[in-house]
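*Asks:* My file is data-v2.cif. It has mmCIF, C-alpha atoms:
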data_query
#
loop_
_atom_site.group_PDB
_atom_site.id
_atom_site.type_symbol
_atom_site.label_atom_id
_atom_site.label_comp_id
_atom_site.auth_asym_id
_atom_site.auth_seq_id
_atom_site.Cartn_x
_atom_site.Cartn_y
_atom_site.Cartn_z
ATOM 1 C CA MET A 22 57.543 -101.895 44.894
ATOM 2 C CA ILE A 23 57.009 -99.044 47.338
ATOM 3 C CA GLU A 24 54.518 -97.544 44.880
ATOM 4 C CA THR A 25 52.459 -100.728 45.093
ATOM 5 C CA ALA A 26 52.508 -100.561 48.895
ATOM 6 C CA ILE A 27 51.324 -96.929 48.930
ATOM 7 C CA LEU A 28 48.662 -97.768 46.349
ATOM 8 C CA GLY A 29 47.477 -100.665 48.521
ATOM 9 C CA ALA A 30 47.240 -98.461 51.613
ATOM 10 C CA ILE A 31 45.281 -95.732 49.796
ATOM 11 C CA GLY A 32 43.067 -98.320 48.143
ATOM 12 C CA ILE A 33 42.221 -100.031 51.427
ATOM 13 C CA ILE A 34 41.332 -96.675 53.034
ATOM 14 C CA THR A 35 39.205 -95.653 50.034
ATOM 15 C CA VAL A 36 37.243 -98.892 49.762
ATOM 16 C CA ALA A 37 36.871 -99.205 53.554
ATOM 17 C CA ALA A 38 35.401 -95.686 53.708
ATOM 18 C CA ALA A 39 33.074 -96.588 50.823
ATOM 19 C CA VAL A 40 31.904 -99.650 52.771
ATOM 20 C CA GLY A 41 31.392 -97.306 55.725
ATOM 21 C CA VAL A 42 29.074 -95.106 53.633
ATOM 22 C CA VAL A 43 26.878 -98.090 52.882
ATOM 23 C CA ALA A 44 27.143 -99.845 56.248
ATOM 24 C CA THR A 45 26.634 -97.033 58.755
ATOM 25 C CA ARG A 46 23.176 -96.233 60.109
ATOM 26 C CA SER A 47 23.757 -92.506 60.635
ATOM 27 C CA VAL A 48 23.382 -90.330 57.564
ATOM 28 C CA VAL A 49 25.888 -87.768 58.873
ATOM 29 C CA TYR A 50 28.526 -90.477 59.417
ATOM 30 C CA ALA A 51 27.822 -91.663 55.860
ATOM 31 C CA ALA A 52 28.620 -88.148 54.577
ATOM 32 C CA VAL A 53 31.908 -88.094 56.531
ATOM 33 C CA PHE A 54 32.859 -91.560 55.231
ATOM 34 C CA LEU A 55 32.024 -90.331 51.727
ATOM 35 C CA LEU A 56 34.404 -87.404 52.185
ATOM 36 C CA VAL A 57 37.220 -89.785 53.229
ATOM 37 C CA SER A 58 36.530 -92.023 50.243
ATOM 38 C CA LEU A 59 36.471 -89.103 47.783
ATOM 39 C CA VAL A 60 39.772 -87.714 49.085
ATOM 40 C CA GLY A 61 41.184 -91.255 48.782
ATOM 41 C CA VAL A 62 40.134 -91.301 45.131
ATOM 42 C CA ALA A 63 41.867 -87.931 44.696
ATOM 43 C CA ALA A 64 45.040 -89.511 46.090
ATOM 44 C CA LEU A 65 44.647 -92.337 43.549
ATOM 45 C CA PHE A 66 44.470 -89.723 40.782
ATOM 46 C CA LEU A 67 47.656 -88.142 42.133
ATOM 47 C CA MET A 68 49.377 -91.539 42.024
ATOM 48 C CA MET A 69 48.404 -91.790 38.359
ATOM 49 C CA LEU A 70 49.960 -88.315 37.826
ATOM 50 C CA ALA A 71 46.552 -86.836 36.952
ATOM 51 C CA GLU A 72 47.095 -83.677 38.977
ATOM 52 C CA PHE A 73 44.342 -81.604 37.400
ATOM 53 C CA ILE A 74 41.674 -84.235 38.029
ATOM 54 C CA ALA A 75 42.954 -84.728 41.582
ATOM 55 C CA LEU A 76 42.584 -80.973 42.193
ATOM 56 C CA ALA A 77 39.123 -80.909 40.627
ATOM 57 C CA GLN A 78 38.157 -83.958 42.699
ATOM 58 C CA VAL A 79 39.150 -82.288 45.971
ATOM 59 C CA LEU A 80 37.521 -78.963 45.025
ATOM 60 C CA ILE A 81 34.241 -80.268 43.567
ATOM 61 C CA TYR A 82 33.672 -83.503 45.494
ATOM 62 C CA GLY A 83 35.521 -82.806 48.722
ATOM 63 C CA GLY A 84 34.342 -79.201 48.925
ATOM 64 C CA ALA A 85 31.099 -78.581 47.090
ATOM 65 C CA ILE A 86 29.266 -81.892 46.884
ATOM 66 C CA THR A 87 29.922 -83.005 50.464
ATOM 67 C CA ILE A 88 28.820 -79.626 51.836
ATOM 68 C CA VAL A 89 25.642 -79.655 49.712
ATOM 69 C CA LEU A 90 24.895 -83.200 50.880
ATOM 70 C CA LEU A 91 25.366 -82.151 54.506
ATOM 71 C CA PHE A 92 22.989 -79.204 53.956
ATOM 72 C CA ALA A 93 20.404 -81.584 52.491
ATOM 73 C CA ILE A 94 20.792 -83.916 55.477
ATOM 74 C CA MET A 95 20.236 -81.040 57.886
ATOM 75 C CA LEU A 96 17.208 -79.711 55.970
ATOM 76 C CA THR A 97 15.544 -83.126 55.778
ATOM 77 C CA ARG A 98 16.012 -84.324 59.331
ATOM 78 C CA ALA A 99 13.077 -86.709 59.499
ATOM 79 C CA PRO A 100 12.427 -88.566 62.758
ATOM 80 C CA GLU A 101 11.936 -92.000 61.152
ATOM 81 C CA GLN A 102 15.299 -92.167 59.414
ATOM 82 C CA THR A 103 17.222 -93.563 62.380
ATOM 83 C CA ASN A 104 15.296 -96.858 62.409
ATOM 84 C CA VAL A 105 15.187 -98.828 59.187
ATOM 85 C CA GLN A 106 17.861 -97.971 56.647
ATOM 86 C CA ASP A 107 17.760 -100.964 54.317
ATOM 87 C CA ASN A 108 14.868 -102.201 52.263
ATOM 88 C CA ALA A 109 13.784 -105.766 51.564
ATOM 89 C CA GLN A 110 16.040 -106.081 48.507
ATOM 90 C CA ARG A 111 19.169 -106.212 50.627
ATOM 91 C CA PRO A 112 20.098 -109.917 50.163
ATOM 92 C CA LEU A 113 19.366 -109.698 46.451
ATOM 93 C CA ALA A 114 21.411 -106.497 46.169
ATOM 94 C CA ALA A 115 24.351 -108.074 47.990
ATOM 95 C CA MET A 116 24.248 -111.110 45.719
ATOM 96 C CA ALA A 117 24.074 -108.976 42.574
ATOM 97 C CA CYS A 118 26.997 -106.842 43.686
ATOM 98 C CA VAL A 119 29.205 -109.777 44.691
ATOM 99 C CA GLY A 120 28.459 -111.318 41.299
ATOM 100 C CA LEU A 121 29.276 -108.110 39.458
ATOM 101 C CA PHE A 122 32.483 -107.631 41.451
ATOM 102 C CA ALA A 123 33.600 -111.197 40.736
ATOM 103 C CA LEU A 124 32.878 -110.689 37.031
ATOM 104 C CA LEU A 125 34.827 -107.406 36.887
ATOM 105 C CA VAL A 126 37.791 -108.878 38.803
ATOM 106 C CA ALA A 127 37.873 -111.944 36.576
ATOM 107 C CA ALA A 128 37.777 -109.747 33.473
ATOM 108 C CA ALA A 129 40.509 -107.427 34.780
ATOM 109 C CA LEU A 130 42.788 -110.333 35.675
ATOM 110 C CA ALA A 131 42.136 -112.499 32.627
ATOM 111 C CA THR A 132 42.498 -109.847 29.941
ATOM 112 C CA PRO A 133 46.026 -109.635 28.472
ATOM 113 C CA TRP A 134 46.323 -105.827 28.624
ATOM 114 C CA ARG A 135 48.569 -104.144 26.138
ATOM 115 C CA THR A 136 50.245 -101.305 28.036
ATOM 116 C CA ARG A 137 52.889 -98.690 27.478
ATOM 117 C CA ASP A 138 55.472 -97.284 29.794
ATOM 118 C CA PRO A 139 53.783 -94.136 31.145
ATOM 119 C CA GLY A 140 55.756 -90.947 31.123
ATOM 120 C CA ALA A 141 56.710 -89.298 34.396
ATOM 121 C CA ASP A 142 56.694 -85.608 33.432
ATOM 122 C CA PRO A 143 54.138 -83.916 35.678
ATOM 123 C CA MET A 144 53.735 -80.675 33.704
ATOM 124 C CA ALA A 145 53.104 -82.493 30.431
ATOM 125 C CA GLU A 146 49.643 -83.496 31.626
ATOM 126 C CA PHE A 147 48.437 -79.933 32.277
ATOM 127 C CA THR A 148 49.586 -78.658 28.891
ATOM 128 C CA ALA A 149 48.303 -81.590 26.861
ATOM 129 C CA LEU A 150 44.998 -81.618 28.726
ATOM 130 C CA SER A 151 44.296 -77.933 28.179
ATOM 131 C CA GLU A 152 45.230 -78.176 24.500
ATOM 132 C CA LEU A 153 42.943 -81.187 24.037
ATOM 133 C CA LEU A 154 40.090 -79.547 25.955
ATOM 134 C CA PHE A 155 40.144 -76.402 23.837
ATOM 135 C CA SER A 156 40.700 -78.064 20.438
ATOM 136 C CA ASP A 157 39.188 -81.528 19.937
ATOM 137 C CA PHE A 158 36.753 -81.353 22.841
ATOM 138 C CA LEU A 159 35.747 -77.701 22.547
ATOM 139 C CA ILE A 160 32.060 -78.302 21.741
ATOM 140 C CA PRO A 161 31.538 -80.858 24.571
ATOM 141 C CA PHE A 162 33.300 -78.390 26.857
ATOM 142 C CA GLU A 163 30.857 -75.605 25.949
ATOM 143 C CA ILE A 164 27.890 -77.984 26.248
ATOM 144 C CA ALA A 165 29.103 -78.944 29.719
ATOM 145 C CA SER A 166 28.966 -75.289 30.770
ATOM 146 C CA LEU A 167 25.433 -75.097 29.364
ATOM 147 C CA VAL A 168 24.479 -78.226 31.361
ATOM 148 C CA LEU A 169 25.797 -76.612 34.538
ATOM 149 C CA LEU A 170 23.843 -73.408 33.861
ATOM 150 C CA VAL A 171 20.606 -75.316 33.203
ATOM 151 C CA ALA A 172 21.135 -77.408 36.347
ATOM 152 C CA LEU A 173 21.698 -74.232 38.384
ATOM 153 C CA ILE A 174 18.514 -72.568 37.122
ATOM 154 C CA GLY A 175 16.593 -75.843 37.431
ATOM 155 C CA ALA A 176 17.613 -76.302 41.066
ATOM 156 C CA VAL A 177 16.530 -72.748 41.916
ATOM 157 C CA VAL A 178 13.178 -73.116 40.128
ATOM 158 C CA LEU A 179 12.494 -76.522 41.714
ATOM 159 C CA THR A 180 13.071 -75.402 45.286
ATOM 160 C CA ARG A 181 11.171 -72.122 44.769
ATOM 161 C CA SER A 182 8.008 -73.747 43.445
ATOM 162 C CA GLY A 183 8.238 -76.278 46.288
ATOM 163 C CA ARG A 184 8.106 -73.473 48.871
ATOM 164 C CA GLU A 185 5.147 -71.749 47.237
ATOM 165 C CA GLY A 186 3.180 -74.974 46.824
ATOM 166 C CA ALA A 187 3.686 -76.165 50.397
ATOM 167 C CA MET O 798 54.761 -104.564 35.464
ATOM 168 C CA ASP O 799 52.564 -101.848 33.964
ATOM 169 C CA ALA O 800 49.820 -104.361 33.266
ATOM 170 C CA LEU O 801 50.002 -105.308 36.948
ATOM 171 C CA ALA O 802 49.614 -101.665 38.022
ATOM 172 C CA LEU O 803 46.685 -101.248 35.641
ATOM 173 C CA GLN O 804 45.066 -104.338 37.164
ATOM 174 C CA HIS O 805 45.455 -102.907 40.674
ATOM 175 C CA TYR O 806 43.636 -99.728 39.678
ATOM 176 C CA LEU O 807 40.935 -101.740 37.912
ATOM 177 C CA LEU O 808 40.386 -103.870 41.021
ATOM 178 C CA LEU O 809 39.990 -100.721 43.149
ATOM 179 C CA SER O 810 37.600 -99.301 40.591
ATOM 180 C CA ALA O 811 35.517 -102.490 40.599
ATOM 181 C CA GLY O 812 35.434 -102.442 44.415
ATOM 182 C CA LEU O 813 34.184 -98.853 44.561
ATOM 183 C CA PHE O 814 31.573 -99.539 41.885
ATOM 184 C CA ALA O 815 30.257 -102.701 43.593
ATOM 185 C CA VAL O 816 30.032 -101.029 47.016
ATOM 186 C CA GLY O 817 28.187 -98.094 45.483
ATOM 187 C CA LEU O 818 25.791 -100.469 43.736
ATOM 188 C CA VAL O 819 24.952 -102.147 47.070
ATOM 189 C CA GLY O 820 24.084 -98.724 48.468
ATOM 190 C CA VAL O 821 21.919 -97.752 45.486
ATOM 191 C CA LEU O 822 19.975 -101.017 45.553
ATOM 192 C CA ALA O 823 19.607 -101.577 49.295
ATOM 193 C CA LYS O 824 19.331 -98.160 50.973
ATOM 194 C CA ARG O 825 16.074 -96.400 51.765
ATOM 195 C CA ASN O 826 17.287 -92.859 52.472
ATOM 196 C CA VAL O 827 17.456 -90.911 49.220
ATOM 197 C CA VAL O 828 20.481 -88.897 50.412
ATOM 198 C CA VAL O 829 22.455 -92.111 50.986
ATOM 199 C CA ILE O 830 21.371 -93.378 47.553
ATOM 200 C CA LEU O 831 22.793 -90.171 46.010
ATOM 201 C CA MET O 832 26.054 -90.702 47.946
ATOM 202 C CA SER O 833 26.281 -94.257 46.612
ATOM 203 C CA ILE O 834 25.785 -92.978 43.053
ATOM 204 C CA GLU O 835 28.762 -90.673 43.656
ATOM 205 C CA LEU O 836 30.819 -93.699 44.759
ATOM 206 C CA MET O 837 29.931 -95.542 41.541
ATOM 207 C CA LEU O 838 30.873 -92.512 39.415
ATOM 208 C CA ASN O 839 34.198 -92.288 41.237
ATOM 209 C CA GLY O 840 34.895 -95.948 40.536
ATOM 210 C CA VAL O 841 34.302 -95.302 36.846
ATOM 211 C CA ASN O 842 36.588 -92.259 36.960
ATOM 212 C CA VAL O 843 39.419 -94.309 38.475
ATOM 213 C CA ALA O 844 39.095 -96.862 35.668
ATOM 214 C CA LEU O 845 39.026 -94.141 32.989
ATOM 215 C CA VAL O 846 42.125 -92.365 34.267
ATOM 216 C CA ALA O 847 43.964 -95.684 34.727
ATOM 217 C CA PHE O 848 43.233 -96.702 31.128
ATOM 218 C CA SER O 849 44.253 -93.243 29.966
ATOM 219 C CA ARG O 850 47.601 -93.604 31.732
ATOM 220 C CA TYR O 851 48.487 -97.162 30.800
ATOM 221 C CA SER O 852 46.825 -97.747 27.440
ATOM 222 C CA PRO O 853 49.139 -98.086 24.421
ATOM 223 C CA VAL O 854 47.471 -95.102 22.736
ATOM 224 C CA ASP O 855 49.157 -91.969 23.989
ATOM 225 C CA GLU O 856 45.983 -89.955 24.463
ATOM 226 C CA LEU O 857 44.433 -88.108 27.357
ATOM 227 C CA ALA O 858 40.832 -88.822 26.338
ATOM 228 C CA GLY O 859 40.250 -90.724 29.603
ATOM 229 C CA HIS O 860 41.129 -87.591 31.557
ATOM 230 C CA ILE O 861 38.664 -85.563 29.483
ATOM 231 C CA PHE O 862 35.897 -88.106 30.102
ATOM 232 C CA ALA O 863 36.628 -88.023 33.834
ATOM 233 C CA ILE O 864 36.370 -84.212 33.841
ATOM 234 C CA PHE O 865 32.992 -84.375 32.087
ATOM 235 C CA ILE O 866 31.761 -87.067 34.497
ATOM 236 C CA ILE O 867 32.724 -84.859 37.473
ATOM 237 C CA THR O 868 30.869 -81.919 35.858
ATOM 238 C CA VAL O 869 27.711 -83.907 35.222
ATOM 239 C CA ALA O 870 27.904 -85.431 38.711
ATOM 240 C CA ALA O 871 27.900 -81.947 40.230
ATOM 241 C CA ALA O 872 24.812 -81.012 38.178
ATOM 242 C CA GLU O 873 23.179 -84.318 39.113
ATOM 243 C CA VAL O 874 23.689 -83.774 42.843
ATOM 244 C CA ALA O 875 22.289 -80.226 42.637
ATOM 245 C CA ILE O 876 19.151 -81.344 40.782
ATOM 246 C CA GLY O 877 18.727 -84.497 42.884
ATOM 247 C CA LEU O 878 18.887 -82.598 46.141
ATOM 248 C CA ALA O 879 16.539 -79.874 44.818
ATOM 249 C CA ILE O 880 13.988 -82.571 43.944
ATOM 250 C CA LEU O 881 14.548 -84.191 47.337
ATOM 251 C CA LEU O 882 13.969 -80.902 49.194
ATOM 252 C CA THR O 883 10.770 -80.281 47.202
ATOM 253 C CA ILE O 884 9.480 -83.772 48.001
ATOM 254 C CA PHE O 885 10.415 -83.349 51.662
ATOM 255 C CA ALA O 886 8.560 -80.010 51.834
ATOM 256 C CA ARG O 887 5.407 -81.650 50.455
ATOM 257 C CA ARG O 888 5.441 -85.179 51.900
ATOM 258 C CA ASN O 889 7.787 -84.905 54.894
ATOM 259 C CA THR O 890 9.810 -88.017 54.027
ATOM 260 C CA VAL O 891 13.168 -88.983 52.469
ATOM 261 C CA ASP O 892 12.334 -92.700 52.260
ATOM 262 C CA ALA O 893 12.623 -94.020 48.713
ATOM 263 C CA ALA O 894 9.899 -96.589 49.434
ATOM 264 C CA GLU O 895 7.441 -93.839 50.401
ATOM 265 C CA ILE O 896 8.080 -91.749 47.300
ATOM 266 C CA ASN O 897 5.767 -93.621 44.910
ATOM 267 C CA LEU O 898 3.819 -90.884 43.140
ATOM 268 C CA LEU O 899 4.422 -92.476 39.747
ATOM 269 C CA LYS O 900 3.285 -95.978 40.745
#
Once more with this new file: its structure as structure tokens, please.

*Replies:*
Amino acid sequence: MIETAILGAIGIITVAAAVGVVATRSVVYAAVFLLVSLVGVAALFLMMLAEFIALAQVLIYGGAITIVLLFAIMLTRAPEQTNVQDNAQRPLAAMACVGLFALLVAAALATPWRTRDPGADPMAEFTALSELLFSDFLIPFEIASLVLLVALIGAVVLTRSGREGA
Amino acid sequence: MDALALQHYLLLSAGLFAVGLVGVLAKRNVVVILMSIELMLNGVNVALVAFSRYSPVDELAGHIFAIFIITVAAAEVAIGLAILLTIFARRNTVDAAEINLLK
């Protein structure tokens, strides 16, 4: 019962911060709201006893991605961006999203989920996850490191050629 | 009881995804569009980890998928922002409606 209450509180904070990202007119405020929402999601992962993903979420999203986004905001401070923030599709977008949300909620509530009683041993997750990552998912794991390397080099090349061309 | 908990997480996931979709479709600033994409990816991650925890199959595959999604999201943000900085250096705008080179 108390778990449901804590989950509700975290969920309200997370979704409210997400709405803040979309609703605010200032890009910097949007980045701060995004940070709150991402840390809220990390708390959700903790509640599901997914400690490793919660740690990765805080490190990668809360640390790296938010900082990089803030750098991009500072480097692209255009004068026109304070005025119009939404385009003409806004009513259509709102309708589509309300429809999608209603569909997802209906599906989640109507489906008779078959569930199991989840275990409550915190250390089991770390061990099982690392074993799975380095046995069954070894090749995807190595490909992921390749993707990161290519993205790193690509980002450097892209910004370099932009400077020379300008 | 567990099905109820699973439904709570799924509702949160759907909320995050829908809010992110509004941002992707309706915003003009490319940086805010990237932020909204991150929100959608996080909604998906919540659903994956919830299924991984409560599904009858005792597997951690949902966790693995979430880790890969976080990895690819980091790469996506780096590339997206590099493209954005290049476009800004050339055209002096971050408005998605103005970036229409391929039209």

*Asks:* Which one of A:Ala117, A:Ala109, A:Ala128, A:Ile164 sits closest to Ala894 in chain O if you count all atoms listed in the file?

*Replies:*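 Ranking A:Ala117, A:Ala109, A:Ala128, A:Ile164 by distance to Ala894 in chain O, first place goes to A:Ala109.
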
*Asks:* Hey, what's within 12 Å of Glu856 in chain O if we count only C-alpha atoms and toss same-chain stuff fewer than 4 positions away? As a compact mmCIF listing (two decimals) with C-alpha atoms, in the frame of the given file, please?

*Replies:*
# COMPACT_ATOMS: atom_id res chain seq x y z
CA ARG A 137 52.89 -98.69 27.48
CA PRO A 139 53.78 -94.14 31.14
CA GLY A 140 55.76 -90.95 31.12
CA ALA A 145 53.10 -82.49 30.43
CA GLU A 146 49.64 -83.50 31.63
CA ALA A 149 48.30 -81.59 26.86
CA LEU A 150 45.00 -81.62 28.73
CA GLU A 152 45.23 -78.18 24.50
CA LEU A 153 42.94 -81.19 24.04
CA ASP A 157 39.19 -81.53 19.94
CA LEU O 845 39.03 -94.14 32.99
CA VAL O 846 42.12 -92.36 34.27
CA ALA O 847 43.96 -95.68 34.73
CA PHE O 848 43.23 -96.70 31.13
CA SER O 849 44.25 -93.24 29.97
CA ARG O 850 47.60 -93.60 31.73
CA TYR O 851 48.49 -97.16 30.80
CA SER O 852 46.82 -97.75 27.44
CA HIS O 860 41.13 -87.59 31.56
CA ILE O 861 38.66 -85.56 29.48
CA PHE O 862 35.90 -88.11 30.10

*Asks:* List as a tab-separated table every residue of chain O that is in contact with chain A, defined as an atom at most 7 Å from one of its atoms (using all atoms listed in the file), together with the nearest atom pair and the distance in Å rounded to one decimal, sorted by chain and then rising number.

*Replies:*
residue	atom	partner	partner_atom	distance
O:Asp799	CA	A:Thr136	CA	6.4
O:Ala800	CA	A:Trp134	CA	6.0
O:Gln804	CA	A:Ala129	CA	6.0
O:Leu807	CA	A:Ala129	CA	6.5
O:Leu808	CA	A:Val126	CA	6.1
O:Leu809	CA	A:Gly32	CA	6.3
O:Ala811	CA	A:Phe122	CA	6.0
O:Gly812	CA	A:Phe122	CA	6.7
O:Leu813	CA	A:Val36	CA	6.0
O:Ala815	CA	A:Cys118	CA	5.3
O:Val816	CA	A:Val40	CA	6.2
O:Leu818	CA	A:Cys118	CA	6.5
O:Val819	CA	A:Ala114	CA	5.7
O:Gly820	CA	A:Val43	CA	5.3
O:Leu822	CA	A:Ala114	CA	5.7
O:Ala823	CA	A:Arg111	CA	4.8
O:Lys824	CA	A:Asp107	CA	4.6
O:Arg825	CA	A:Gln106	CA	5.4
O:Asn826	CA	A:Gln106	CA	6.6
O:Val829	CA	A:Val48	CA	6.9
O:Ala847	CA	A:Met69	CA	6.9
O:Arg850	CA	A:Pro139	CA	6.2
O:Tyr851	CA	A:Thr136	CA	5.3
O:Ser852	CA	A:Thr136	CA	5.0
O:Pro853	CA	A:Arg137	CA	4.9
O:Leu857	CA	A:Leu150	CA	6.7
O:Ile864	CA	A:Ile74	CA	6.8
O:Ala871	CA	A:Ile86	CA	6.8
O:Ala872	CA	A:Ala172	CA	5.5
O:Ala875	CA	A:Ala176	CA	6.3
O:Ile876	CA	A:Ala176	CA	5.3
O:Leu878	CA	A:Ala93	CA	6.6
O:Ala879	CA	A:Ala176	CA	5.3
O:Ile880	CA	A:Leu179	CA	6.6
O:Leu882	CA	A:Thr180	CA	6.8
O:Thr883	CA	A:Gly183	CA	4.8
O:Phe885	CA	A:Thr97	CA	6.6
O:Ala886	CA	A:Ala187	CA	6.4
O:Arg887	CA	A:Ala187	CA	5.7
O:Thr890	CA	A:Ala99	CA	6.5

*Asks:* Provide the CA of Val891 in chain O to CA of Leu831 in chain O distance in Å, to one decimal place.

*Replies:*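 Computed distance, CA of Val891 in chain O to CA of Leu831 in chain O, equals 11.7 Å.
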
*Asks:* Between CA of Gly84 in chain A and CA of Ile866 in chain O, what is the distance, to one decimal in Å?

*Replies:*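 Straight-line distance from CA of Gly84 in chain A to CA of Ile866 in chain O works out to 16.6 Å.
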
*Asks:* Find the distance between CA of Phe147 in chain A and CA of Ala863 in chain O and write it in Å to one decimal.

*Replies:*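 Pair CA of Phe147 in chain A / CA of Ala863 in chain O returns 14.4 Å.
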
*Asks:* Convert the output of the PyMOL selection byres ((chain O and resi 835) around 9) on the shown file into explicit residues, formatted as a short mmCIF file (atom, residue, chain, number, x, y, z; two decimals) with C-alpha atoms, keeping the file's coordinate frame.

*Replies:*
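This is the output file expr-v5.cif:
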data_model
loop_
_atom_site.label_atom_id
_atom_site.label_comp_id
_atom_site.auth_asym_id
_atom_site.auth_seq_id
_atom_site.Cartn_x
_atom_site.Cartn_y
_atom_site.Cartn_z
CA LEU A 55 32.02 -90.33 51.73
CA LEU A 59 36.47 -89.10 47.78
CA TYR A 82 33.67 -83.50 45.49
CA GLY O 817 28.19 -98.09 45.48
CA ILE O 830 21.37 -93.38 47.55
CA LEU O 831 22.79 -90.17 46.01
CA MET O 832 26.05 -90.70 47.95
CA SER O 833 26.28 -94.26 46.61
CA ILE O 834 25.78 -92.98 43.05
CA LEU O 836 30.82 -93.70 44.76
CA MET O 837 29.93 -95.54 41.54
CA LEU O 838 30.87 -92.51 39.42
CA ASN O 839 34.20 -92.29 41.24
CA GLY O 840 34.90 -95.95 40.54
CA ALA O 870 27.90 -85.43 38.71
CA VAL O 874 23.69 -83.77 42.84
#

*Asks:* Return as lines of an AutoDock Vina configuration file the centre and edge lengths, in Å with one decimal, of the box along x, y and z that encloses every atom of range 813-818 of chain O in the file, padded by 3 Å per side.

*Replies:*
center_x = 30.0
center_y = -100.4
center_z = 44.5
size_x = 14.4
size_y = 10.6
size_z = 11.1
